[in-house]
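Structure, as structure tokens:
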Amino acid sequence: MYAKSYNTMYDAIWRDIARKDIPKVARIVSTSVTIKQANARKTAQLAVKESRRWQFRTNKNVKDLQGKARRAMREMLVYWKRNEREERDSRKKAEKQALDRAKKEEEQREARRQARKLNFLITQTELYSHFIGRKIKTDEIEAGSFGDGVATDESEAQIQKSASAEERANRSEEEHELVKDAQKRNISELDFDQDDDADLHHAALQNAHSAVVSAQNRAKTFDNRSSDVDAETGEMNFQNPTTLGEIEISQPNLLSCTLKGYQLKGLNWLVNLYEQGINGILADEMGLGKTVQSISVMAYLAQTHNIWGPFLVIAPASTLHNWQQEITKFVPDFKALPYWGNAKDRKVLRKFWDRKQLTYTKDAPFHVLITSYQLIVADAQYFQRIKWQYMILDEAQAIKSSSSTRWKSLLGFQCRNRLLLTGTPIQNSMQELWALLHFIMPTLFDSHDEFSEWFSKDIESHATSNTQLNEEQLKRLHMILKPFMLRRVKKHVQSELGDKIEIDVYCDLTYRQRAMYRALKAQINLIDIMEQADSDDANQNLMNLVMQFRKVCNHPDLFERSDTKSPLSLARFSKTGSFLREGNTLDVLYNTHNFIEYVVPKLVYREGMMNVPGEKSNAGFRSRYLDHLLNIWEANYIHDNEDHSNAFSWLKFVDQSANDISRAFHEDIVTRTILEQYTTSRRGSLYFSDEEKKNYTPSSSLFLVTANSDQMQLCDMTNEGITENLKAVSTSYFRARNLHKLDPMADPVAVAPPIEALCLDPGFVTMQYDILFSLRFRDIIFGPTQQVEQRLIENHVPPYRYPLAGLLPEPSSECAGYSPIRVPPMSKFVTDSGKLLKLDSLLAELKANDHRVLIYFQMTRMMDLMEEYLAYRQYKYVRLDGSSRLSDRRDLVNDWQTKPDLFVFLLSTRAGGLGINLTAADTVIFYDSDWNPTMDSQAMDRAHRLGQTKQVTVYRLLVRGTIEERMRDRAKQKMHVQQVVMEGGAQGEAASATGGVDFQKPTREVAFWLLE
């Protein structure tokens, strides 16, 4: 029992513990576990944090150590690299300095060597020139020529300039005897570094003497070939250069003209050249008679030495007839053979050539052969077979390029002597002068590089940038040129020749030109031009651009013409008849038809038309019954029924008779109108007074609806009224022609003839033809033509017998001069171009002052436009361009010289600027200038030459602010180069022209011109 209660109490205690204490303890334990876990977690976090901190501190030390090690290594590498680079740079710098010093020393040594070499070549040439010049005496001839004209200080200065160079050459005369037997030394054998000046001078003396002897021997050899042939005839060998230096000759008797003093001295110079076997350049200014001087040389050889040829004259095609005429005129004994034409003609002419005789006599088939540069190249194989005594090249600037086929072909001809005629030995650069010198003396002037190095660069640089010119070099150049070149200018030898005044006339672009000029500029890509500056295609494209700009400056119509505007013609035109079938007289009928046609069926025409007879037509019934039997409009019936209250009793109130009414019914409307014109109305005889101011209608016209215009005012029948009417004739005519009315003037968009009816029936066609082309109706409607009226006046037909005027008035469009076809007016054609506008006023002034004008062009299309302008102004003119035939050129020049009524001569600069005489003109106008200023100079000297007694004025039209201004600047610089070489180193205004010129690379410069 006790145990049971104990157990019960024990169980209750456990139940109380389980119910109360255990949850509390569980909660306490749970809380404790949670706290322990949180503490453990915090401890772990702290441990991790501390661990990481320790680890970070350890890693940082390691990284710092590694970084320091890498930095130290990098700095060490940089240091040693910099050290090596500095050592390498120092070594390279030292090597470069050593190389530069060596190169500079080498350049200086080479420069000294080249200078000595050039000096050797110049000295050699000077000595050669001196040996020849003492016999030819070019200085004396040039100096003596000044006495024929106006002696100037400039000529004396030029003579003094060459004194020092001549004295230097004179010192070599004593050495001349020492080198007579010496052989020529090759320039490659000379050591310009080691040899002293005395040795080089001696070598130059040897080479100069050798060249003189070679030239003389070559001439002797050429002459000996002919002397061997003529030995049996006792002909004396006249070639003795050692005794001919003092030759003074007079004018040959064969020459039918009288040479002027300077021309005779030129003949002496040419003869001495021939005797020495030396070729030369006769460079007298254009218009001083180079042609007659060269002809006189041939006359001298024929007269003095019986050498009648063969002589060869090569000239531009435009001057061939002039050469033939001059030779025939001045030396009638010469037989001139004109060698031109097609291949067949030239083959026939070659039959006259005598290839067996080296020297022609007076009986030879020909003496002088005249041909052009084009034909000489084409037939070079035939010309090379003949040994020519004398070859004359007129306008020798045609061989200015030493690389051309023409230059090489002519150089290969067998000639005893060559003579070049040119008024402008230098046109664009010094290279052209060297080409001419090399042509006449191939062995002496054989190095273009040395010539360019010594002369070209210095002189061209002086012309472009106004640098200081080496006067010593210029003197030596003149010393070299004098024996081979003779040049006189007009102001020194021709005091009677009139002055030449050059005037630059500046024009402005018109609005249309400015717009086109800006549009062209916008299309230029300077970068592309610069990148391709050295290619041929780029140069060609650039020149095309320049040509487009020049076209704009000349006239905008060179791009596109102002078109004629007219309505669209919607019509079909008939074909023209055949003259072979119809004969000389061709009947041209109405031949313009509308595309729209109204087709009338034949059945409708044949059976539907009441007045057309036919199988089923009632035209016969109508004609018999309606027109005759039942017709109330017969005159008899009307006459019987016009009394009292009959059908036609009203006739008395319309002022018509029975015949008038019957005829009005039976005739057509045109005939009725004609009858009305011929009928004299009784109403026309009625007058009324101005004072009554009222209308009056007679009883015989009460039923007529008419105006009072048929009635004449009484005042018009008086003397005063007639006088007043005579004063108002113009006003009356103005109103009668309806000119006081304003008609619509709008241009129709399209026009077309009336729509026609078409029927495939002969009767319909005949009826239409009778209506449209009846001569009777045409005269009635339109009246007499102007030709008929003119014949009536000329035949003195009385006015009362004149035919009636046409029923239809003249169209108002013809009265007012209106036409829907709009032709561009010529006044606008003139004002569209600034140049043409300026030329228009200039020509009017020149015409008023009785001047005669040469106008030069670069473009034949511009010449076409100028012909339209001259026809508009009614100026008489002639035209010569490259398309003109040789025979036409001769006739054109002759007409200009002999017909003073011709006012203008249109010429192209290239075709009309060489070798022709146009002294009848005293004014020259360059509408557009040539790239080569020498071409313009030659062109203007067609008028300013021997035979001209008037003052010649040259106008050059330039457009301000365009490429033409820059072209003009460059032309002045080129002319300055020629002036420096030919006349001396005077400072000209061309040298200070705006902007320099690169004579070797013009593409870049021209590109900048286009964008300015």
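Following the order of the structure tokens, first chain is A, next is B, and so on, with residues numbered from 1 inside each chain and ligands from 1 in the order they appear.
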- request: Within 12 Å of Phe903 of chain A, counting only C-alpha atoms, which residues show up once you throw out same-chain ones fewer than 3 positions away? Write them as a VMD selection string, please.
  value: chain A and resid 843 to 844 846 to 855 870 873 to 879 895 to 897 899 to 900 906 920 to 924
DSSP strand (DSSP E) residues within segment 255-382 of chain A, as a PDB file with N, CA and C atoms, in the first residue's frame:
```pdb
ATOM      1  N   GLY A 280      75.196  77.240-139.015  1.00  0.00           N
ATOM      2  CA  GLY A 280      74.860  78.422-138.230  1.00  0.00           C
ATOM      3  C   GLY A 280      73.371  78.594-138.035  1.00  0.00           C
ATOM      4  N   ILE A 281      73.061  79.569-137.178  1.00  0.00           N
ATOM      5  CA  ILE A 281      71.675  79.932-136.871  1.00  0.00           C
ATOM      6  C   ILE A 281      71.509  81.415-137.174  1.00  0.00           C
ATOM      7  N   LEU A 282      70.685  81.737-138.151  1.00  0.00           N
ATOM      8  CA  LEU A 282      70.340  83.129-138.436  1.00  0.00           C
ATOM      9  C   LEU A 282      69.082  83.442-137.632  1.00  0.00           C
ATOM     10  N   PHE A 311      69.976  72.462-153.475  1.00  0.00           N
ATOM     11  CA  PHE A 311      69.660  73.160-152.232  1.00  0.00           C
ATOM     12  C   PHE A 311      68.319  72.637-151.716  1.00  0.00           C
ATOM     13  N   LEU A 312      68.233  72.465-150.418  1.00  0.00           N
ATOM     14  CA  LEU A 312      67.019  71.938-149.789  1.00  0.00           C
ATOM     15  C   LEU A 312      66.475  72.976-148.811  1.00  0.00           C
ATOM     16  N   VAL A 313      65.229  73.362-149.015  1.00  0.00           N
ATOM     17  CA  VAL A 313      64.548  74.309-148.126  1.00  0.00           C
ATOM     18  C   VAL A 313      63.384  73.579-147.472  1.00  0.00           C
ATOM     19  N   ILE A 314      63.394  73.537-146.150  1.00  0.00           N
ATOM     20  CA  ILE A 314      62.326  72.894-145.380  1.00  0.00           C
ATOM     21  C   ILE A 314      61.626  73.980-144.572  1.00  0.00           C
ATOM     22  N   ALA A 315      60.315  74.074-144.732  1.00  0.00           N
ATOM     23  CA  ALA A 315      59.559  75.157-144.099  1.00  0.00           C
ATOM     24  C   ALA A 315      58.202  74.626-143.652  1.00  0.00           C
ATOM     25  N   ALA A 336      62.922  76.335-158.986  1.00  0.00           N
ATOM     26  CA  ALA A 336      62.406  75.874-157.694  1.00  0.00           C
ATOM     27  C   ALA A 336      61.449  74.717-157.927  1.00  0.00           C
ATOM     28  N   LEU A 337      61.671  73.626-157.208  1.00  0.00           N
ATOM     29  CA  LEU A 337      60.831  72.438-157.329  1.00  0.00           C
ATOM     30  C   LEU A 337      59.939  72.341-156.092  1.00  0.00           C
ATOM     31  N   PRO A 338      58.655  72.647-156.215  1.00  0.00           N
ATOM     32  CA  PRO A 338      57.752  72.519-155.060  1.00  0.00           C
ATOM     33  C   PRO A 338      57.417  71.056-154.814  1.00  0.00           C
ATOM     34  N   VAL A 368      66.542  74.304-156.406  1.00  0.00           N
ATOM     35  CA  VAL A 368      66.094  74.405-155.015  1.00  0.00           C
ATOM     36  C   VAL A 368      64.843  73.559-154.856  1.00  0.00           C
ATOM     37  N   LEU A 369      64.870  72.650-153.898  1.00  0.00           N
ATOM     38  CA  LEU A 369      63.699  71.836-153.587  1.00  0.00           C
ATOM     39  C   LEU A 369      63.056  72.387-152.316  1.00  0.00           C
ATOM     40  N   ILE A 370      61.763  72.633-152.383  1.00  0.00           N
ATOM     41  CA  ILE A 370      61.028  73.223-151.266  1.00  0.00           C
ATOM     42  C   ILE A 370      60.005  72.207-150.779  1.00  0.00           C
ATOM     43  N   THR A 371      60.028  71.901-149.504  1.00  0.00           N
ATOM     44  CA  THR A 371      59.084  70.938-148.944  1.00  0.00           C
ATOM     45  C   THR A 371      58.802  71.292-147.492  1.00  0.00           C
ATOM     46  N   SER A 372      57.915  70.524-146.876  1.00  0.00           N
ATOM     47  CA  SER A 372      57.495  70.793-145.501  1.00  0.00           C
ATOM     48  C   SER A 372      58.126  69.784-144.551  1.00  0.00           C
TER      49      SER A 372
END
```
task: Mind checking which residues fall within 8 Å of segment 560-575 of chain A, counting only C-alpha atoms, ignoring those fewer than 6 positions away in the same chain, and posting them as a ChimeraX atom specification?
output: /A:591-595,747-753,820-824
- prompt: So which residues touch Tyr506 of chain A within 10 Å, counting only C-alpha atoms, skipping near sequence neighbours fewer than 4 positions away, as a list of chain:residue names?
  reply: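 Residues meeting the cut-off are A:Gly834, A:Lys835, A:Lys838, A:Tyr955, A:Arg956, A:Leu957, A:Leu958, A:Val959, A:Arg960, A:Gly961, A:Glu965.
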With C-alpha atoms retained, could you export that selection as a JSON list (two decimals), in the first residue's frame?
```json
[["chain", "number", "residue", "atom", "x", "y", "z"],
["A", 834, "GLY", "CA", 33.12, 89.66, -121.70],
["A", 835, "LYS", "CA", 35.80, 89.33, -124.38],
["A", 838, "LYS", "CA", 35.04, 94.36, -125.35],
["A", 955, "TYR", "CA", 45.77, 94.17, -128.26],
["A", 956, "ARG", "CA", 45.69, 91.07, -126.05],
["A", 957, "LEU", "CA", 42.31, 90.22, -124.54],
["A", 958, "LEU", "CA", 42.62, 88.78, -121.02],
["A", 959, "VAL", "CA", 39.89, 87.87, -118.55],
["A", 960, "ARG", "CA", 40.61, 89.28, -115.13],
["A", 961, "GLY", "CA", 40.84, 86.85, -112.21],
["A", 965, "GLU", "CA", 46.17, 86.01, -116.07]]
```
